[in-house]
2 protein chains.
Amino acid sequence: MKDIDFWFEFASTYSYLAAMRAQGLAADCGVRLTWRPFLLGAIFKKDLGYADSPFNRHDKKGDYMWRDMDRQVRIHGLPSVKKPEPFPQNGLTAARIAMVLEEDDRLPIFVRSVFRAQFQYGETISEPDVLFDILSQNGFDAPDVMQRAKSDKIKQALKTQTEHADRIGIFGAPSFVTPKGELFWGDDRMETAFRWQD
Amino acid sequence: MKDIDFWFEFASTYSYLAAMRAQGLAADCGVRLTWRPFLLGAIFKKDLGYADSPFNRHDKKGDYMWRDMDRQVRIHGLPSVKKPEPFPQNGLTAARIAMVLEEDDRLPIFVRSVFRAQFQYGETISEPDVLFDILSQNGFDAPDVMQRAKSDKIKQALKTQTEHADRIGIFGAPSFVTPKGELFWGDDRMETAFRWQD
């Protein structure tokens with residue numbers, strides 16, 4: 001059994017693609033995944049001095065990305081993509097909730113539900129109600145989880161996790177990291193990462 | 001037989017990867033390739049206001065790219081990568097020569113030789129002597145080609161070609177475009193592009 005850290009950002013379209021396929025592919029490859037949310041915006045801001053998505057800063061790249069997403073979901077048998085407004089969404093609360101659920105086996109279920117809400121239904125994932133409903137519908141104790149997500153402990157844990165991502169060289173999402181620190185960036189590298197031998 | 005335009009920039013590492021594999025894969029996929037050099041730097045400057053490579057502007061992304069290249073050449077059975085100094089190289093003269101050879105069946109041989117000189121041997125491809133030698137060693141009439149590459153006609157042809165790339169939405173290299181205008185960006189999308197049905 002190999003261990004891989006799967007680093008994702010809730011606002012990221014290619015993190016969505018990876019999240020939908022990660023568990024099945026990990027099973028095929030004998031990989032045990034650790035799902036690690038982080039705030040890519042904080043890293044963009046620190047490294048590059050800007051806060052917006054590169055897909056918004058470069059029109060042609062943004063147009064291309066949405067077209068590429070249309071093709072990729074078709075290739076992977078996923079429903080057609082709905083662009084949420086605004087894009088990128090603010091994934092802070094969702095990421096804090098994911099930190100609350102860090103030790104919970106059902107974390108991937110929550111993560112995929114948030115991604116689906118955002119990119120299949122175009123919902124606004126910064127809305128506490130949207131997140132509350134996702135938790136409830138998946139059998140979590142929504143009031144308790146939402147409450148814990150507001151604690152200083154969780155806020156700090158997400159900050160520490162994002163700083164950790166930065167320190168190990170992560171600059172985009174999704175990223176995949178082996179125990180020896182081999183870093184792979186992008187949904188297109190997920191399978192290479194899962195099959196990596198070192 | 002499908003037609004695909006293969007847009008490449010001589011300074012681009014992932015264009016190198018694509019150039020080394022393009023002809024074999026095209027044969028497998030029943031694709032007729034048109035090799036189209038362009039100046040990505042001009043597009044970066046126009047779209048984003050900067051002239052340097054994104055891999056130099058973002059240290060972590062640059063470090064990652066060179067590590068990824070090490071892995072990708074191993075996966076594709078290519079020799080280990082040598083980083084040219086400076087990076088990115090100035091590919092203007094090489095691109096003008098490629099425009100001279102536009103109608104020549106041996107254009108891919110010239111292109112691959114320039115990429116090899118740069119990324120396998122770390123040579124400086126802006127040096128006319130390096131390009132002259134590549135032409136000679138591959139049986140081209142080097143003095144004649146070098147002379148024609150300096151003509152106003154060729155300078156304008158490369159400029160027009162780069163403007164064309166910009167107009168059809170190209171923002172990175174390599175890119176692949178179908179006759180109906182379907183655009184694919186990146187070495188990772190080459191096979192998807194070659195197998196695209198529209």
# chains A, B, ... in the order shown; residues from 1 in each chain; ligands from 1
>>> select_by_dssp(residues="chain A", states="strand (DSSP E or B)", output="PyMOL selection string")
chain A and resi 2-8+31-37+175-177+183-185
>>> residues_around(residues="Gln118 in chain A", least_positions_apart="3", cutoff="9 Å", atoms="only C-alpha atoms", output="list in words")
Phe10, Ala11, Lys82, Lys83, Pro84, Gln89, Ser113, Val114, Phe115, Tyr121, Gly122, Glu123, Thr124 and Ile125 of chain A
>>> atom_distance(atom1="CA of Ile170 in chain A", atom2="CA of Lys60 in chain B")
7.3 Å
>>> closest_atom_pairs(of="chain A", to="chain B", cutoff="10 Å", atoms="only C-alpha atoms", output="tab-separated table")
residue	atom	partner	partner_atom	distance
A:Phe44	CA	B:His58	CA	9.6
A:Asp47	CA	B:His58	CA	7.0
A:Leu48	CA	B:His58	CA	7.0
A:Arg57	CA	B:Leu48	CA	8.1
A:His58	CA	B:Asp47	CA	7.0
A:Asp59	CA	B:Asp47	CA	8.4
A:Lys60	CA	B:Gly169	CA	5.8
A:Lys61	CA	B:Phe171	CA	6.4
A:Asp63	CA	B:Gly169	CA	8.6
A:Tyr64	CA	B:Leu183	CA	7.7
A:Met65	CA	B:Trp185	CA	9.5
A:Arg67	CA	B:Leu183	CA	8.8
A:Asp68	CA	B:Phe184	CA	7.7
A:Arg71	CA	B:Thr192	CA	9.7
A:Gln72	CA	B:Thr192	CA	9.9
A:Ile75	CA	B:Thr192	CA	9.7
A:Asp166	CA	B:Lys60	CA	9.1
A:Arg167	CA	B:Lys60	CA	9.9
A:Ile168	CA	B:Lys60	CA	9.4
A:Gly169	CA	B:Lys60	CA	5.7
A:Ile170	CA	B:Lys60	CA	7.3
A:Phe171	CA	B:Lys61	CA	6.4
A:Gly172	CA	B:Lys61	CA	8.5
A:Glu182	CA	B:Arg67	CA	9.2
A:Leu183	CA	B:Tyr64	CA	7.7
A:Phe184	CA	B:Asp68	CA	7.7
A:Trp185	CA	B:Tyr64	CA	8.4
A:Asp188	CA	B:Asp188	CA	7.2
A:Arg189	CA	B:Asp188	CA	9.1
A:Thr192	CA	B:Ile75	CA	9.7
>>> write_last_selection(atoms="N, CA, C and O atoms", output="tab-separated table (two decimals), in the first residue's frame")
chain	number	residue	atom	x	y	z
A	44	PHE	N	-1.07	31.91	-4.07
A	44	PHE	CA	-0.96	32.85	-5.21
A	44	PHE	C	-0.58	34.24	-4.70
A	44	PHE	O	0.26	34.92	-5.26
A	47	ASP	N	3.09	34.19	-3.34
A	47	ASP	CA	4.12	33.96	-4.36
A	47	ASP	C	4.10	35.01	-5.45
A	47	ASP	O	5.14	35.38	-6.00
A	48	LEU	N	2.91	35.44	-5.84
A	48	LEU	CA	2.76	36.23	-7.07
A	48	LEU	C	2.15	37.60	-6.84
A	48	LEU	O	2.11	38.41	-7.76
A	57	ARG	N	-7.36	36.20	-14.94
A	57	ARG	CA	-6.37	37.20	-15.31
A	57	ARG	C	-5.97	37.09	-16.78
A	57	ARG	O	-5.35	37.98	-17.33
A	58	HIS	N	-6.23	35.95	-17.38
A	58	HIS	CA	-5.81	35.70	-18.76
A	58	HIS	C	-7.03	35.13	-19.49
A	58	HIS	O	-7.33	33.94	-19.40
A	59	ASP	N	-7.75	36.02	-20.21
A	59	ASP	CA	-9.03	35.64	-20.82
A	59	ASP	C	-8.96	34.38	-21.67
A	59	ASP	O	-9.80	33.50	-21.57
A	60	LYS	N	-7.95	34.34	-22.53
A	60	LYS	CA	-7.86	33.21	-23.46
A	60	LYS	C	-7.66	31.91	-22.70
A	60	LYS	O	-8.22	30.87	-23.04
A	61	LYS	N	-6.84	31.97	-21.64
A	61	LYS	CA	-6.59	30.78	-20.83
A	61	LYS	C	-7.87	30.36	-20.11
A	61	LYS	O	-8.17	29.16	-19.99
A	63	ASP	N	-11.06	31.01	-21.12
A	63	ASP	CA	-11.98	30.44	-22.12
A	63	ASP	C	-11.59	29.01	-22.44
A	63	ASP	O	-12.43	28.11	-22.56
A	64	TYR	N	-10.27	28.82	-22.62
A	64	TYR	CA	-9.78	27.48	-22.94
A	64	TYR	C	-10.10	26.50	-21.82
A	64	TYR	O	-10.54	25.37	-22.07
A	65	MET	N	-9.88	26.93	-20.58
A	65	MET	CA	-10.08	26.02	-19.45
A	65	MET	C	-11.51	25.50	-19.42
A	65	MET	O	-11.75	24.31	-19.23
A	67	ARG	N	-13.63	25.24	-21.91
A	67	ARG	CA	-13.81	24.32	-23.04
A	67	ARG	C	-13.15	22.97	-22.72
A	67	ARG	O	-13.71	21.90	-22.99
A	68	ASP	N	-11.96	23.05	-22.13
A	68	ASP	CA	-11.24	21.82	-21.77
A	68	ASP	C	-12.03	21.02	-20.73
A	68	ASP	O	-12.11	19.79	-20.80
A	71	ARG	N	-14.73	19.07	-22.36
A	71	ARG	CA	-14.21	17.83	-22.97
A	71	ARG	C	-13.85	16.79	-21.93
A	71	ARG	O	-14.13	15.61	-22.08
A	72	GLN	N	-13.20	17.24	-20.84
A	72	GLN	CA	-12.71	16.28	-19.84
A	72	GLN	C	-13.86	15.58	-19.11
A	72	GLN	O	-13.77	14.39	-18.83
A	75	ILE	N	-15.03	12.93	-21.39
A	75	ILE	CA	-14.08	11.81	-21.41
A	75	ILE	C	-14.25	10.93	-20.16
A	75	ILE	O	-14.18	9.71	-20.24
A	166	ASP	N	2.64	25.27	1.03
A	166	ASP	CA	3.58	26.24	0.48
A	166	ASP	C	5.03	25.78	0.68
A	166	ASP	O	5.84	25.82	-0.24
A	167	ARG	N	5.32	25.28	1.87
A	167	ARG	CA	6.69	24.89	2.23
A	167	ARG	C	7.19	23.71	1.40
A	167	ARG	O	8.37	23.62	1.10
A	168	ILE	N	6.29	22.81	1.03
A	168	ILE	CA	6.74	21.65	0.25
A	168	ILE	C	6.66	21.90	-1.26
A	168	ILE	O	6.80	20.99	-2.06
A	169	GLY	N	6.45	23.17	-1.63
A	169	GLY	CA	6.58	23.54	-3.05
A	169	GLY	C	5.30	23.55	-3.85
A	169	GLY	O	5.34	23.72	-5.07
A	170	ILE	N	4.17	23.40	-3.19
A	170	ILE	CA	2.90	23.39	-3.92
A	170	ILE	C	2.56	24.80	-4.41
A	170	ILE	O	2.67	25.77	-3.67
A	171	PHE	N	2.18	24.89	-5.68
A	171	PHE	CA	1.89	26.19	-6.31
A	171	PHE	C	0.59	26.14	-7.10
A	171	PHE	O	0.22	27.11	-7.76
A	172	GLY	N	-0.08	24.98	-7.10
A	172	GLY	CA	-1.31	24.83	-7.87
A	172	GLY	C	-2.10	23.65	-7.35
A	172	GLY	O	-1.63	22.91	-6.49
A	182	GLU	N	7.96	13.57	-3.52
A	182	GLU	CA	7.81	13.73	-4.97
A	182	GLU	C	6.47	14.42	-5.23
A	182	GLU	O	5.42	13.94	-4.81
A	183	LEU	N	6.54	15.55	-5.94
A	183	LEU	CA	5.35	16.39	-6.16
A	183	LEU	C	4.86	16.27	-7.61
A	183	LEU	O	5.67	16.34	-8.55
A	184	PHE	N	3.57	16.10	-7.76
A	184	PHE	CA	2.94	16.05	-9.08
A	184	PHE	C	1.81	17.07	-9.08
A	184	PHE	O	1.00	17.11	-8.16
A	185	TRP	N	1.76	17.86	-10.13
A	185	TRP	CA	0.75	18.92	-10.21
A	185	TRP	C	-0.24	18.62	-11.33
A	185	TRP	O	0.18	18.35	-12.45
A	188	ASP	N	-3.99	15.94	-14.66
A	188	ASP	CA	-3.34	15.11	-15.69
A	188	ASP	C	-2.20	14.26	-15.14
A	188	ASP	O	-1.71	13.38	-15.84
A	189	ARG	N	-1.70	14.59	-13.94
A	189	ARG	CA	-0.59	13.82	-13.37
A	189	ARG	C	-1.06	12.85	-12.28
A	189	ARG	O	-0.23	12.19	-11.65
A	192	THR	N	-0.01	9.18	-12.95
A	192	THR	CA	1.45	9.06	-12.83
A	192	THR	C	1.87	9.06	-11.36
A	192	THR	O	2.72	8.27	-10.93
>>> residues_around(residues="Ser126 in chain A", least_positions_apart="6", cutoff="9 Å", atoms="only C-alpha atoms", output="CSV table (one decimal) with all heavy atoms, in the first residue's frame")
chain,number,residue,atom,x,y,z
A,89,GLN,N,-15.1,30.6,-6.7
A,89,GLN,CA,-15.9,30.7,-5.5
A,89,GLN,C,-14.9,30.8,-4.3
A,89,GLN,O,-13.7,30.5,-4.4
A,89,GLN,CB,-16.7,29.4,-5.3
A,89,GLN,CG,-17.7,29.1,-6.4
A,89,GLN,CD,-19.0,29.7,-6.0
A,89,GLN,OE1,-19.6,29.4,-5.0
A,89,GLN,NE2,-19.5,30.7,-6.8
A,90,ASN,N,-15.5,31.3,-3.2
A,90,ASN,CA,-14.7,31.3,-1.9
A,90,ASN,C,-14.9,30.0,-1.2
A,90,ASN,O,-16.0,29.7,-0.7
A,90,ASN,CB,-15.2,32.5,-1.1
A,90,ASN,CG,-14.4,32.7,0.2
A,90,ASN,OD1,-13.8,31.7,0.7
A,90,ASN,ND2,-14.5,33.9,0.7
A,91,GLY,N,-13.8,29.2,-1.1
A,91,GLY,CA,-13.9,27.9,-0.6
A,91,GLY,C,-13.5,27.8,0.9
A,91,GLY,O,-13.3,26.7,1.4
A,92,LEU,N,-13.4,29.0,1.5
A,92,LEU,CA,-12.8,29.0,2.9
A,92,LEU,C,-13.6,28.2,3.9
A,92,LEU,O,-13.1,27.3,4.6
A,92,LEU,CB,-12.7,30.5,3.4
A,92,LEU,CG,-12.2,30.7,4.8
A,92,LEU,CD1,-10.8,30.2,5.0
A,92,LEU,CD2,-12.3,32.1,5.2
A,93,THR,N,-14.9,28.4,3.9
A,93,THR,CA,-15.8,27.7,4.9
A,93,THR,C,-15.8,26.2,4.6
A,93,THR,O,-15.6,25.3,5.5
A,93,THR,CB,-17.2,28.2,5.0
A,93,THR,OG1,-17.1,29.6,5.2
A,93,THR,CG2,-18.0,27.6,6.1
A,94,ALA,N,-15.9,25.8,3.3
A,94,ALA,CA,-15.9,24.4,2.9
A,94,ALA,C,-14.5,23.8,3.4
A,94,ALA,O,-14.5,22.6,3.9
A,94,ALA,CB,-16.0,24.3,1.4
>>> closest_residue(among="A:Asn56, A:Gln147, A:Ser15, A:Gln120", to="Pro37 in chain A", atoms="only C-alpha atoms")
A:Ser15
>>> select_by_dssp(residues="range 25-99 of chain A", states="helix (DSSP H, G or I)", output="ChimeraX atom specification")
/A:25-29,40-48,54-57,59-75,92-99
>>> residues_around(residues="Ala98 in chain A", least_positions_apart="4", cutoff="10 Å", atoms="only C-alpha atoms", output="list of chain:residue names")
A:Phe10, A:Trp35, A:Arg36, A:Pro37, A:Phe38, A:Leu92, A:Thr93, A:Ala94, A:Glu102, A:Glu103, A:Asp104, A:Leu107, A:Pro108, A:Phe110, A:Val111, A:Val145, A:Ala149, A:Ile154, A:Leu158
>>> decode(residues="range 45-121 of chain B", atoms="C-alpha atoms", output="PDB file, in the first residue's frame")
ATOM      1  CA  LYS B  45       3.660  40.354 -23.753  1.00  0.00           C
ATOM      2  CA  LYS B  46       0.446  41.346 -25.506  1.00  0.00           C
ATOM      3  CA  ASP B  47      -1.919  39.396 -23.238  1.00  0.00           C
ATOM      4  CA  LEU B  48      -0.189  39.764 -19.894  1.00  0.00           C
ATOM      5  CA  GLY B  49       2.287  42.604 -20.234  1.00  0.00           C
ATOM      6  CA  TYR B  50       5.353  40.563 -19.393  1.00  0.00           C
ATOM      7  CA  ALA B  51       8.165  39.159 -21.436  1.00  0.00           C
ATOM      8  CA  ASP B  52       9.776  36.493 -19.253  1.00  0.00           C
ATOM      9  CA  SER B  53       8.743  32.839 -18.964  1.00  0.00           C
ATOM     10  CA  PRO B  54       6.065  32.044 -16.352  1.00  0.00           C
ATOM     11  CA  PHE B  55       8.540  29.437 -15.116  1.00  0.00           C
ATOM     12  CA  ASN B  56      10.971  32.203 -14.199  1.00  0.00           C
ATOM     13  CA  ARG B  57       8.333  34.477 -12.710  1.00  0.00           C
ATOM     14  CA  HIS B  58       7.173  31.803 -10.259  1.00  0.00           C
ATOM     15  CA  ASP B  59      10.129  29.971  -8.670  1.00  0.00           C
ATOM     16  CA  LYS B  60       8.194  27.008  -7.340  1.00  0.00           C
ATOM     17  CA  LYS B  61       6.508  26.463 -10.700  1.00  0.00           C
ATOM     18  CA  GLY B  62       9.870  26.651 -12.452  1.00  0.00           C
ATOM     19  CA  ASP B  63      11.524  24.170 -10.063  1.00  0.00           C
ATOM     20  CA  TYR B  64       8.582  21.869 -10.517  1.00  0.00           C
ATOM     21  CA  MET B  65       8.701  22.100 -14.303  1.00  0.00           C
ATOM     22  CA  TRP B  66      12.348  20.976 -14.462  1.00  0.00           C
ATOM     23  CA  ARG B  67      11.614  18.055 -12.123  1.00  0.00           C
ATOM     24  CA  ASP B  68       8.567  17.165 -14.205  1.00  0.00           C
ATOM     25  CA  MET B  69      10.712  17.288 -17.361  1.00  0.00           C
ATOM     26  CA  ASP B  70      13.166  14.841 -15.740  1.00  0.00           C
ATOM     27  CA  ARG B  71      10.306  12.456 -15.112  1.00  0.00           C
ATOM     28  CA  GLN B  72       8.640  12.942 -18.502  1.00  0.00           C
ATOM     29  CA  VAL B  73      11.796  12.291 -20.545  1.00  0.00           C
ATOM     30  CA  ARG B  74      12.289   9.088 -18.542  1.00  0.00           C
ATOM     31  CA  ILE B  75       8.694   8.041 -19.224  1.00  0.00           C
ATOM     32  CA  HIS B  76       9.137   8.720 -22.953  1.00  0.00           C
ATOM     33  CA  GLY B  77      12.602   7.164 -23.232  1.00  0.00           C
ATOM     34  CA  LEU B  78      14.364  10.432 -24.068  1.00  0.00           C
ATOM     35  CA  PRO B  79      17.861  11.407 -22.809  1.00  0.00           C
ATOM     36  CA  SER B  80      18.082  13.415 -19.587  1.00  0.00           C
ATOM     37  CA  VAL B  81      17.316  17.114 -19.860  1.00  0.00           C
ATOM     38  CA  LYS B  82      19.985  19.784 -19.808  1.00  0.00           C
ATOM     39  CA  LYS B  83      18.765  23.228 -18.840  1.00  0.00           C
ATOM     40  CA  PRO B  84      20.093  25.785 -21.344  1.00  0.00           C
ATOM     41  CA  GLU B  85      21.519  29.073 -20.112  1.00  0.00           C
ATOM     42  CA  PRO B  86      19.821  31.430 -20.279  1.00  0.00           C
ATOM     43  CA  PHE B  87      16.355  29.973 -20.043  1.00  0.00           C
ATOM     44  CA  PRO B  88      14.223  30.690 -21.926  1.00  0.00           C
ATOM     45  CA  GLN B  89      16.389  30.859 -25.024  1.00  0.00           C
ATOM     46  CA  ASN B  90      15.669  33.330 -27.786  1.00  0.00           C
ATOM     47  CA  GLY B  91      14.132  31.204 -30.534  1.00  0.00           C
ATOM     48  CA  LEU B  92      13.537  34.022 -33.025  1.00  0.00           C
ATOM     49  CA  THR B  93      16.142  33.004 -35.616  1.00  0.00           C
ATOM     50  CA  ALA B  94      15.262  29.317 -35.330  1.00  0.00           C
ATOM     51  CA  ALA B  95      11.588  30.188 -35.869  1.00  0.00           C
ATOM     52  CA  ARG B  96      12.429  32.295 -38.929  1.00  0.00           C
ATOM     53  CA  ILE B  97      14.409  29.389 -40.347  1.00  0.00           C
ATOM     54  CA  ALA B  98      11.435  27.121 -39.717  1.00  0.00           C
ATOM     55  CA  MET B  99       9.308  29.576 -41.738  1.00  0.00           C
ATOM     56  CA  VAL B 100      11.824  29.323 -44.608  1.00  0.00           C
ATOM     57  CA  LEU B 101      11.424  25.533 -44.463  1.00  0.00           C
ATOM     58  CA  GLU B 102       7.622  25.695 -44.181  1.00  0.00           C
ATOM     59  CA  GLU B 103       7.035  23.763 -47.409  1.00  0.00           C
ATOM     60  CA  ASP B 104       9.995  21.411 -46.952  1.00  0.00           C
ATOM     61  CA  ASP B 105       9.204  17.820 -45.891  1.00  0.00           C
ATOM     62  CA  ARG B 106      12.314  17.863 -43.752  1.00  0.00           C
ATOM     63  CA  LEU B 107      11.086  20.701 -41.508  1.00  0.00           C
ATOM     64  CA  PRO B 108      10.413  18.288 -38.592  1.00  0.00           C
ATOM     65  CA  ILE B 109      14.025  17.099 -38.775  1.00  0.00           C
ATOM     66  CA  PHE B 110      15.289  20.663 -38.370  1.00  0.00           C
ATOM     67  CA  VAL B 111      12.836  21.367 -35.542  1.00  0.00           C
ATOM     68  CA  ARG B 112      13.752  18.264 -33.571  1.00  0.00           C
ATOM     69  CA  SER B 113      17.469  18.950 -34.052  1.00  0.00           C
ATOM     70  CA  VAL B 114      17.099  22.453 -32.614  1.00  0.00           C
ATOM     71  CA  PHE B 115      15.147  21.111 -29.633  1.00  0.00           C
ATOM     72  CA  ARG B 116      17.748  18.401 -29.050  1.00  0.00           C
ATOM     73  CA  ALA B 117      20.618  20.902 -29.246  1.00  0.00           C
ATOM     74  CA  GLN B 118      18.859  23.034 -26.661  1.00  0.00           C
ATOM     75  CA  PHE B 119      17.470  20.532 -24.172  1.00  0.00           C
ATOM     76  CA  GLN B 120      19.784  17.537 -24.556  1.00  0.00           C
ATOM     77  CA  TYR B 121      23.078  19.408 -25.062  1.00  0.00           C
TER      78      TYR B 121
END
